[in-house]
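A.B. asks: Provided below: coords.cif, containing mmCIF, C-alpha atoms and all ligand atoms.
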data_structure
loop_
_atom_site.label_atom_id
_atom_site.label_comp_id
_atom_site.auth_asym_id
_atom_site.auth_seq_id
_atom_site.Cartn_x
_atom_site.Cartn_y
_atom_site.Cartn_z
CA MET A 232 0.00 0.00 0.00
CA ASN A 233 1.06 3.58 -0.62
CA ALA A 234 3.02 4.69 2.48
CA VAL A 235 1.39 8.15 2.37
CA LEU A 236 -2.04 6.51 2.67
CA GLN A 237 -1.06 3.98 5.34
CA LYS A 238 -0.87 6.43 8.26
CA PRO A 239 -4.28 8.11 7.76
CA ILE A 240 -5.89 4.69 7.29
CA SER A 241 -4.39 3.34 10.50
CA ILE A 242 -5.46 6.51 12.41
CA PHE A 243 -8.99 6.10 11.02
CA LYS A 244 -9.00 2.42 12.06
CA THR A 245 -7.90 3.32 15.61
CA PHE A 246 -10.66 5.96 15.72
CA LEU A 247 -13.22 3.38 14.55
CA ASP A 248 -12.01 0.86 17.14
CA VAL A 249 -12.66 3.45 19.88
CA VAL A 250 -16.07 4.51 18.57
CA LEU A 251 -17.16 1.03 17.48
CA PRO A 252 -15.09 -1.56 19.39
CA PRO A 253 -14.65 -4.71 17.26
CA VAL A 254 -16.82 -7.68 18.16
CA CYS A 255 -16.36 -11.37 17.46
CA TYR A 256 -18.01 -12.41 14.18
CA VAL A 257 -19.62 -15.41 15.87
CA CYS A 258 -20.58 -14.61 19.48
CA LYS A 259 -20.69 -10.80 19.03
CA ARG A 260 -18.75 -10.23 22.26
CA SER A 261 -16.02 -7.63 22.24
CA CYS A 262 -12.74 -8.97 20.87
CA SER A 263 -9.55 -7.80 19.23
CA GLY A 264 -8.46 -11.18 17.86
CA LYS A 265 -6.48 -11.43 14.66
CA TYR A 266 -9.28 -13.04 12.70
CA GLY A 267 -12.17 -11.09 14.18
CA LEU A 268 -12.89 -14.09 16.40
CA CYS A 269 -12.55 -14.22 20.18
CA GLU A 270 -10.32 -16.76 21.97
CA ASP A 271 -13.34 -18.83 23.05
CA CYS A 272 -14.67 -19.16 19.50
CA LEU A 273 -11.19 -19.90 18.09
CA GLU A 274 -10.69 -22.66 20.65
CA LYS A 275 -13.94 -24.29 19.60
CA ILE A 276 -12.62 -25.00 16.08
CA ARG A 277 -12.13 -28.77 16.06
CA HIS A 278 -9.41 -30.08 13.76
CA ILE A 279 -9.48 -33.61 12.35
CA PHE A 280 -6.49 -35.68 13.35
CA PRO A 281 -5.07 -38.89 11.86
CA PRO A 282 -5.70 -41.66 11.24
CA GLN A 283 -8.01 -40.48 8.48
CA CYS A 284 -9.63 -42.17 5.51
CA THR A 285 -7.40 -41.38 2.54
CA LYS A 286 -10.42 -41.00 0.27
CA CYS A 287 -12.74 -38.76 2.28
CA GLY A 288 -10.66 -37.45 5.20
CA ARG A 289 -12.96 -38.96 7.86
CA HIS A 290 -11.22 -39.69 11.18
CA LEU A 291 -10.87 -43.44 11.66
CA ALA A 292 -10.93 -45.29 14.95
CA ASN A 293 -8.63 -47.99 13.57
CA ASN A 294 -5.56 -47.96 11.37
CA GLU A 295 -7.34 -48.84 8.12
CA SER A 296 -6.52 -46.51 5.25
CA ILE A 297 -10.07 -46.31 3.80
CA CYS A 298 -13.36 -46.05 5.70
CA GLY A 299 -16.14 -48.60 5.20
CA GLU A 300 -18.23 -46.16 3.20
CA CYS A 301 -15.47 -45.26 0.71
CA SER A 302 -14.44 -48.88 0.21
CA SER A 303 -18.00 -49.76 -0.81
CA LYS A 304 -18.41 -47.09 -3.49
CA ASN A 305 -16.74 -46.07 -6.71
CA PHE A 306 -14.99 -42.97 -5.49
CA HIS A 307 -13.14 -41.12 -8.23
CA VAL A 308 -11.27 -38.80 -5.87
CA GLU A 309 -7.79 -40.21 -5.37
CA ARG A 310 -7.40 -38.61 -1.99
CA GLY A 311 -9.50 -36.15 -0.02
CA TRP A 312 -8.58 -33.86 2.86
CA SER A 313 -10.49 -31.65 5.31
CA PRO A 314 -8.72 -29.82 8.12
CA CYS A 315 -11.77 -29.22 10.36
CA TYR A 316 -15.12 -30.58 11.41
CA TYR A 317 -18.15 -28.76 10.04
CA GLU A 318 -19.61 -27.67 13.38
CA GLY A 319 -19.66 -24.78 15.85
CA THR A 320 -17.39 -21.86 15.02
CA ILE A 321 -16.35 -23.04 11.55
CA LYS A 322 -19.92 -23.87 10.54
CA GLU A 323 -21.08 -20.45 11.67
CA CYS A 324 -18.14 -18.74 9.91
CA ILE A 325 -18.82 -20.57 6.62
CA HIS A 326 -22.47 -19.46 6.77
CA LEU A 327 -21.49 -15.85 7.47
CA PHE A 328 -19.00 -15.94 4.59
CA LYS A 329 -21.33 -17.62 2.09
CA TYR A 330 -24.65 -16.02 2.80
CA ASN A 331 -23.84 -12.76 4.63
CA GLY A 332 -20.74 -11.66 2.73
CA TYR A 333 -18.36 -11.58 5.74
CA MET A 334 -15.27 -11.58 3.53
CA GLY A 335 -12.96 -10.80 6.49
CA LEU A 336 -13.29 -14.47 7.46
CA MET A 337 -11.19 -15.41 4.46
CA ASP A 338 -8.06 -14.79 6.55
CA ILE A 339 -8.75 -17.61 8.95
CA PHE A 340 -10.01 -19.97 6.22
CA LYS A 341 -6.87 -19.35 4.23
CA ASP A 342 -4.50 -19.80 7.17
CA ILE A 343 -6.17 -23.09 8.17
CA MET A 344 -6.06 -24.47 4.62
CA VAL A 345 -2.54 -23.26 3.78
CA ASP A 346 -1.17 -24.65 7.02
CA PHE A 347 -2.90 -27.98 6.36
CA MET A 348 -1.61 -28.12 2.79
CA LYS A 349 1.95 -27.51 3.96
CA LYS A 350 1.74 -30.14 6.72
CA ASN A 351 0.38 -32.73 4.31
CA ARG A 352 2.57 -31.59 1.42
CA ILE A 353 -0.53 -31.38 -0.78
CA HIS A 354 0.95 -28.61 -2.92
CA LYS A 355 3.74 -30.98 -3.96
CA GLU A 356 1.25 -33.34 -5.58
CA ILE A 357 -0.83 -31.01 -7.70
CA ASP A 358 -0.52 -29.08 -10.96
CA LEU A 359 -3.82 -27.23 -11.00
CA ILE A 360 -6.48 -26.04 -8.55
CA VAL A 361 -10.11 -26.20 -9.68
CA PRO A 362 -12.88 -24.68 -7.53
CA VAL A 363 -16.14 -26.62 -7.48
CA PRO A 364 -18.32 -24.53 -9.80
CA VAL A 365 -21.79 -23.25 -9.03
CA TYR A 366 -24.63 -22.87 -11.51
CA PRO A 367 -24.44 -19.36 -13.07
CA THR A 368 -27.75 -18.15 -11.59
CA LYS A 369 -26.53 -19.09 -8.13
CA LYS A 370 -23.28 -17.22 -8.66
CA ARG A 371 -25.24 -14.11 -9.66
CA GLU A 372 -27.46 -14.38 -6.60
CA ARG A 373 -24.42 -14.41 -4.31
CA THR A 374 -22.29 -12.40 -6.78
CA TYR A 375 -19.33 -14.71 -6.14
CA ASN A 376 -18.40 -18.37 -5.96
CA HIS A 377 -17.07 -18.96 -2.44
CA ALA A 378 -15.10 -22.02 -3.62
CA GLU A 379 -13.32 -19.91 -6.22
CA ILE A 380 -12.32 -17.32 -3.63
CA LEU A 381 -10.89 -20.08 -1.42
CA ALA A 382 -9.09 -21.65 -4.39
CA ARG A 383 -7.54 -18.35 -5.47
CA SER A 384 -6.27 -17.52 -1.99
CA LEU A 385 -4.52 -20.93 -1.78
CA ALA A 386 -3.10 -20.69 -5.26
CA LYS A 387 -1.43 -17.38 -4.43
CA ASP A 388 0.54 -18.89 -1.58
CA PHE A 389 1.75 -21.86 -3.56
CA ALA A 390 2.01 -20.23 -7.00
CA ILE A 391 -0.24 -22.90 -8.49
CA LEU A 392 -2.60 -22.07 -11.34
CA VAL A 393 -6.35 -21.91 -10.77
CA ASP A 394 -8.66 -23.02 -13.54
CA SER A 395 -12.18 -21.76 -12.93
CA ARG A 396 -13.23 -21.77 -16.60
CA ASN A 397 -12.99 -25.33 -17.79
CA LEU A 398 -15.24 -27.11 -15.34
CA LYS A 399 -18.77 -25.74 -15.51
CA LYS A 400 -22.00 -26.52 -13.77
CA ILE A 401 -24.47 -26.83 -16.60
CA LYS A 402 -27.60 -27.91 -14.78
CA TRP A 403 -29.51 -26.27 -11.98
CA THR A 404 -29.79 -28.73 -9.14
CA GLN A 405 -31.69 -28.74 -5.89
CA SER A 406 -29.50 -27.77 -2.91
CA GLN A 407 -27.65 -30.89 -1.71
CA SER A 408 -28.35 -29.94 1.90
CA GLU A 409 -32.07 -30.61 1.32
CA LEU A 410 -31.48 -34.20 0.16
CA ASP A 411 -30.56 -37.56 1.68
CA LYS A 412 -27.37 -39.40 0.76
CA LYS A 413 -28.85 -41.43 -2.11
CA LYS A 414 -30.67 -38.51 -3.71
CA ARG A 415 -27.52 -36.35 -3.58
CA VAL A 416 -25.79 -38.72 -6.00
CA THR A 417 -28.60 -38.64 -8.58
CA ASN A 418 -29.16 -34.92 -8.04
CA VAL A 419 -25.67 -33.96 -9.31
CA ARG A 420 -25.30 -36.68 -11.95
CA GLY A 421 -24.61 -35.10 -15.37
CA SER A 422 -24.59 -31.57 -13.95
CA PHE A 423 -20.91 -30.77 -14.66
CA LEU A 424 -19.11 -30.38 -17.98
CA ALA A 425 -15.45 -30.10 -18.93
CA VAL A 426 -15.43 -27.25 -21.44
CA ASP A 427 -11.91 -27.58 -22.84
CA ARG A 428 -11.17 -31.27 -22.62
CA GLY A 429 -7.42 -30.64 -23.03
CA ALA A 430 -7.22 -28.37 -19.97
CA PHE A 431 -6.87 -31.20 -17.46
CA SER A 432 -5.10 -33.76 -19.62
CA GLY A 433 -2.21 -35.46 -17.80
CA LYS A 434 -2.60 -33.14 -14.79
CA ASN A 435 -2.99 -33.76 -11.07
CA VAL A 436 -5.99 -31.63 -10.15
CA LEU A 437 -7.03 -30.40 -6.71
CA LEU A 438 -10.75 -29.70 -6.36
CA VAL A 439 -11.47 -27.08 -3.71
CA ASP A 440 -14.74 -26.46 -1.89
CA ASP A 441 -15.90 -25.28 1.52
CA VAL A 442 -17.71 -28.33 2.92
CA TYR A 443 -17.59 -32.09 2.41
CA THR A 444 -20.87 -33.73 3.31
CA THR A 445 -21.32 -36.98 1.37
CA GLY A 446 -18.74 -36.31 -1.33
CA ALA A 447 -21.36 -36.65 -4.11
CA THR A 448 -20.53 -33.31 -5.75
CA LEU A 449 -16.76 -33.79 -5.53
CA ASN A 450 -17.08 -37.33 -6.87
CA GLU A 451 -19.12 -36.16 -9.86
CA CYS A 452 -16.60 -33.36 -10.62
CA ALA A 453 -13.69 -35.82 -10.31
CA LYS A 454 -15.42 -38.26 -12.69
CA VAL A 455 -15.86 -35.55 -15.34
CA ILE A 456 -12.27 -34.31 -15.01
CA LEU A 457 -10.79 -37.82 -15.14
CA LYS A 458 -12.78 -38.58 -18.29
CA THR A 459 -10.84 -35.81 -20.06
CA GLY A 460 -7.54 -37.59 -19.36
CA ALA A 461 -6.46 -36.00 -16.06
CA ASN A 462 -3.91 -38.06 -14.17
CA LYS A 463 -5.39 -37.85 -10.67
CA VAL A 464 -8.03 -35.76 -8.91
CA PHE A 465 -7.67 -34.81 -5.23
CA SER A 466 -10.01 -32.78 -3.05
CA LEU A 467 -9.58 -30.27 -0.27
CA THR A 468 -12.52 -28.90 1.67
CA LEU A 469 -12.22 -26.52 4.60
CA ALA A 470 -14.54 -28.66 6.73
CA ARG A 471 -16.30 -32.01 6.66
CA GLY A 472 -19.46 -33.23 8.28
CA ILE A 473 -19.05 -35.29 11.44
ZN ZN A 501 -16.58 -15.30 19.91
ZN ZN A 502 -13.83 -42.46 3.55
#
Please, can you express the file's structure as structure tokens?
Ligand SMILES: [Zn+2]
Ligand SMILES: [Zn+2]
C.D. replies:
Amino acid sequence: MNAVLQKPISIFKTFLDVVLPPVCYVCKRSCSGKYGLCEDCLEKIRHIFPPQCTKCGRHLANNESICGECSSKNFHVERGWSPCYYEGTIKECIHLFKYNGYMGLMDIFKDIMVDFMKKNRIHKEIDLIVPVPVYPTKKRERTYNHAEILARSLAKDFAILVDSRNLKKIKWTQSQSELDKKKRVTNVRGSFLAVDRGAFSGKNVLLVDDVYTTGATLNECAKVILKTGANKVFSLTLARGI
């Protein structure tokens, strides 16, 4: 930022902090935490620790590499990761980000995901990051695709390309959250299209989204990308259902 502008902005921010003391995004109590979240809310973020299913990232009670559910289905994702459980603070933050436009929350999402990628050396395995696309009408309603914003923030840190043009959602589908596990699979079937079939050829692709629930959407995207000749498709979601 221009050094001449920095000082007045910081004075204005201090003035605002006095007039309107910052409050935690989630519990609305006064806080001055780095992410706009108080210590209590930050502590409530539950991370998923190994052993985890290599396909879906679920924590496993035993030392198997794949959970019972993933071993019984044709899962096209080579390996899937999620740093956190989709509950409490993170669930609330994702809702505020997605539906209320609280873009300031990107800082914590990014730090959690970048840290997780480094620890698991995910960036070493991939050539291209692809955000899970939304149907155009939906994107207009929200004015942005949250998955694309997450993908772009990760790509910056690792200098990996993001391709948000060659995987499209071509069919409007009912919201997955309104459906049971079986219906989620049929709901998304045939709803994605690889536009330029050469874009993914021979590449290791990382699909990025906010939440993993049943994996139906990620699996359908991975299937479409693999059909175009991609080498492997991985997935990274900020949080996964318990
Ligand atoms: Zn709080
Ligand atoms: Zn699994």
A.B. asks: With segment 443-461 of chain A as the partner and 7 Å as the cut-off, tabulate the residues of segment 320-416 of chain A that qualify, each row holding the nearest pair of atoms and their distance in Å to one decimal, using all atoms listed in the file, sorted by chain and rising number, as JSON lines.
C.D. replies:
{"residue": "A:Lys412", "atom": "CA", "partner": "A:Thr445", "partner_atom": "CA", "distance": 6.5}
{"residue": "A:Arg415", "atom": "CA", "partner": "A:Ala447", "partner_atom": "CA", "distance": 6.2}
{"residue": "A:Val416", "atom": "CA", "partner": "A:Ala447", "partner_atom": "CA", "distance": 5.2}
A.B. asks: Between A:Pro253, A:Gly429, A:Gly311, A:Gly421, which is the closest to Asn351 of chain A once you count only C-alpha atoms?
C.D. replies: A:Gly311
A.B. asks: Please measure the separation of atom CA of Gln283 of chain A and atom CA of Pro314 of chain A, giving the value in Å to one decimal.
C.D. replies: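 These atoms are spaced 10.7 Å apart.
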A.B. asks: How many Å lie between atom CA of Asp271 of chain A and atom CA of Ile353 of chain A, rounded to one decimal?
C.D. replies: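 Computing the Euclidean distance for atom CA of Asp271 of chain A and atom CA of Ile353 of chain A yields 29.8 Å.
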A.B. asks: Counting all atoms listed in the file, figure out which residue out of A:Met337, A:Leu467, A:Ile391, A:Cys315 gets nearest to Val363 of chain A.
C.D. replies: A:Leu467
A.B. asks: Which of these, A:Lys259, A:Lys349, A:Arg471, A:Lys355, has the shortest distance to ligand ZN 501 (chain A) once you count only C-alpha atoms and all ligand atoms?
C.D. replies: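 Checking each candidate against ligand ZN 501 (chain A), we get A:Lys259 as the closest.
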A.B. asks: Using 10 Å as the limit and counting only C-alpha atoms and all ligand atoms, can you tabulate each residue of chain A that touches ligand ZN 502 (chain A), with its shortest atom-to-atom distance in Å and the two atoms involved, as a Markdown table?
C.D. replies:
| residue | atom | partner | partner_atom | distance |
| --- | --- | --- | --- | --- |
| A:Gln283 | CA | A:ZN502 | ZN | 7.9 |
| A:Cys284 | CA | A:ZN502 | ZN | 4.6 |
| A:Thr285 | CA | A:ZN502 | ZN | 6.6 |
| A:Lys286 | CA | A:ZN502 | ZN | 5.0 |
| A:Cys287 | CA | A:ZN502 | ZN | 4.1 |
| A:Gly288 | CA | A:ZN502 | ZN | 6.2 |
| A:Arg289 | CA | A:ZN502 | ZN | 5.6 |
| A:His290 | CA | A:ZN502 | ZN | 8.5 |
| A:Leu291 | CA | A:ZN502 | ZN | 8.7 |
| A:Ser296 | CA | A:ZN502 | ZN | 8.5 |
| A:Ile297 | CA | A:ZN502 | ZN | 5.4 |
| A:Cys298 | CA | A:ZN502 | ZN | 4.2 |
| A:Gly299 | CA | A:ZN502 | ZN | 6.8 |
| A:Glu300 | CA | A:ZN502 | ZN | 5.8 |
| A:Cys301 | CA | A:ZN502 | ZN | 4.3 |
| A:Ser302 | CA | A:ZN502 | ZN | 7.3 |
| A:Ser303 | CA | A:ZN502 | ZN | 9.5 |
| A:Lys304 | CA | A:ZN502 | ZN | 9.6 |
| A:Phe306 | CA | A:ZN502 | ZN | 9.1 |
| A:Arg310 | CA | A:ZN502 | ZN | 9.3 |
| A:Gly311 | CA | A:ZN502 | ZN | 8.4 |
| A:Thr445 | CA | A:ZN502 | ZN | 9.5 |
| A:Gly446 | CA | A:ZN502 | ZN | 9.3 |
A.B. asks: Step by step, measure atom-to-atom distances between ligand ZN 501 (chain A) and each residue using all atoms listed in the file, keep those at most 8 Å, then write them as an mmCIF file with C-alpha atoms, in the frame of the given file.
C.D. replies:
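What landed in pocket_29.cif:
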data_model
loop_
_atom_site.group_PDB
_atom_site.id
_atom_site.type_symbol
_atom_site.label_atom_id
_atom_site.label_comp_id
_atom_site.auth_asym_id
_atom_site.auth_seq_id
_atom_site.Cartn_x
_atom_site.Cartn_y
_atom_site.Cartn_z
ATOM 1 C CA VAL A 254 -16.820 -7.680 18.160
ATOM 2 C CA CYS A 255 -16.360 -11.370 17.460
ATOM 3 C CA TYR A 256 -18.010 -12.410 14.180
ATOM 4 C CA VAL A 257 -19.620 -15.410 15.870
ATOM 5 C CA CYS A 258 -20.580 -14.610 19.480
ATOM 6 C CA LYS A 259 -20.690 -10.800 19.030
ATOM 7 C CA ARG A 260 -18.750 -10.230 22.260
ATOM 8 C CA CYS A 262 -12.740 -8.970 20.870
ATOM 9 C CA LEU A 268 -12.890 -14.090 16.400
ATOM 10 C CA CYS A 269 -12.550 -14.220 20.180
ATOM 11 C CA GLU A 270 -10.320 -16.760 21.970
ATOM 12 C CA ASP A 271 -13.340 -18.830 23.050
ATOM 13 C CA CYS A 272 -14.670 -19.160 19.500
ATOM 14 C CA LEU A 273 -11.190 -19.900 18.090
#
A.B. asks: With N, CA and C atoms as the target, complete segment 400-427 of chain A and hand it back as a compact mmCIF listing (two decimals), in the coordinates of the input.
C.D. replies:
# COMPACT_ATOMS: atom_id res chain seq x y z
N LYS A 400 -20.76 -25.89 -14.19
CA LYS A 400 -22.00 -26.52 -13.77
C LYS A 400 -23.02 -26.13 -14.81
N ILE A 401 -23.60 -27.14 -15.47
CA ILE A 401 -24.47 -26.83 -16.60
C ILE A 401 -25.95 -27.08 -16.30
N LYS A 402 -26.21 -27.59 -15.11
CA LYS A 402 -27.60 -27.91 -14.78
C LYS A 402 -27.92 -27.33 -13.41
N TRP A 403 -29.08 -26.70 -13.31
CA TRP A 403 -29.51 -26.27 -11.98
C TRP A 403 -29.88 -27.50 -11.18
N THR A 404 -29.41 -27.58 -9.97
CA THR A 404 -29.79 -28.73 -9.14
C THR A 404 -30.31 -28.23 -7.80
N GLN A 405 -31.15 -29.06 -7.21
CA GLN A 405 -31.69 -28.74 -5.89
C GLN A 405 -30.51 -28.69 -4.91
N SER A 406 -30.60 -27.86 -3.88
CA SER A 406 -29.50 -27.77 -2.91
C SER A 406 -29.26 -29.14 -2.27
N GLN A 407 -27.98 -29.57 -2.26
CA GLN A 407 -27.65 -30.89 -1.71
C GLN A 407 -28.06 -31.01 -0.25
N SER A 408 -28.04 -29.87 0.47
CA SER A 408 -28.35 -29.94 1.90
C SER A 408 -29.80 -30.34 2.17
N GLU A 409 -30.65 -30.26 1.13
CA GLU A 409 -32.07 -30.61 1.32
C GLU A 409 -32.32 -32.09 1.05
N LEU A 410 -31.28 -32.83 0.62
CA LEU A 410 -31.48 -34.20 0.16
C LEU A 410 -30.76 -35.24 1.02
N ASP A 411 -31.28 -36.50 0.97
CA ASP A 411 -30.56 -37.56 1.68
C ASP A 411 -29.41 -38.05 0.80
N LYS A 412 -28.60 -38.95 1.40
CA LYS A 412 -27.37 -39.40 0.76
C LYS A 412 -27.59 -39.94 -0.65
N LYS A 413 -28.60 -40.79 -0.81
CA LYS A 413 -28.85 -41.43 -2.11
C LYS A 413 -29.26 -40.40 -3.17
N LYS A 414 -30.15 -39.51 -2.76
CA LYS A 414 -30.67 -38.51 -3.71
C LYS A 414 -29.59 -37.51 -4.11
N ARG A 415 -28.60 -37.29 -3.24
CA ARG A 415 -27.52 -36.35 -3.58
C ARG A 415 -26.73 -36.84 -4.78
N VAL A 416 -26.56 -38.15 -4.88
CA VAL A 416 -25.79 -38.72 -6.00
C VAL A 416 -26.54 -38.50 -7.30
N THR A 417 -27.84 -38.82 -7.34
CA THR A 417 -28.60 -38.64 -8.58
C THR A 417 -28.83 -37.16 -8.90
N ASN A 418 -28.92 -36.35 -7.85
CA ASN A 418 -29.16 -34.92 -8.04
C ASN A 418 -28.04 -34.25 -8.86
N VAL A 419 -26.78 -34.64 -8.63
CA VAL A 419 -25.67 -33.96 -9.31
C VAL A 419 -25.19 -34.70 -10.57
N ARG A 420 -25.76 -35.90 -10.79
CA ARG A 420 -25.30 -36.68 -11.95
C ARG A 420 -25.53 -35.89 -13.26
N GLY A 421 -24.49 -35.78 -14.07
CA GLY A 421 -24.61 -35.10 -15.37
C GLY A 421 -24.70 -33.59 -15.26
N SER A 422 -24.40 -33.02 -14.08
CA SER A 422 -24.59 -31.57 -13.95
C SER A 422 -23.30 -30.78 -14.17
N PHE A 423 -22.18 -31.47 -14.41
CA PHE A 423 -20.91 -30.77 -14.66
C PHE A 423 -20.37 -31.13 -16.04
N LEU A 424 -19.66 -30.18 -16.64
CA LEU A 424 -19.11 -30.38 -17.98
C LEU A 424 -17.69 -29.83 -18.05
N ALA A 425 -16.80 -30.62 -18.67
CA ALA A 425 -15.45 -30.10 -18.93
C ALA A 425 -15.51 -29.37 -20.27
N VAL A 426 -15.26 -28.07 -20.25
CA VAL A 426 -15.43 -27.25 -21.44
C VAL A 426 -14.30 -27.51 -22.43
N ASP A 427 -13.07 -27.29 -21.99
CA ASP A 427 -11.91 -27.58 -22.84
C ASP A 427 -11.32 -28.89 -22.34
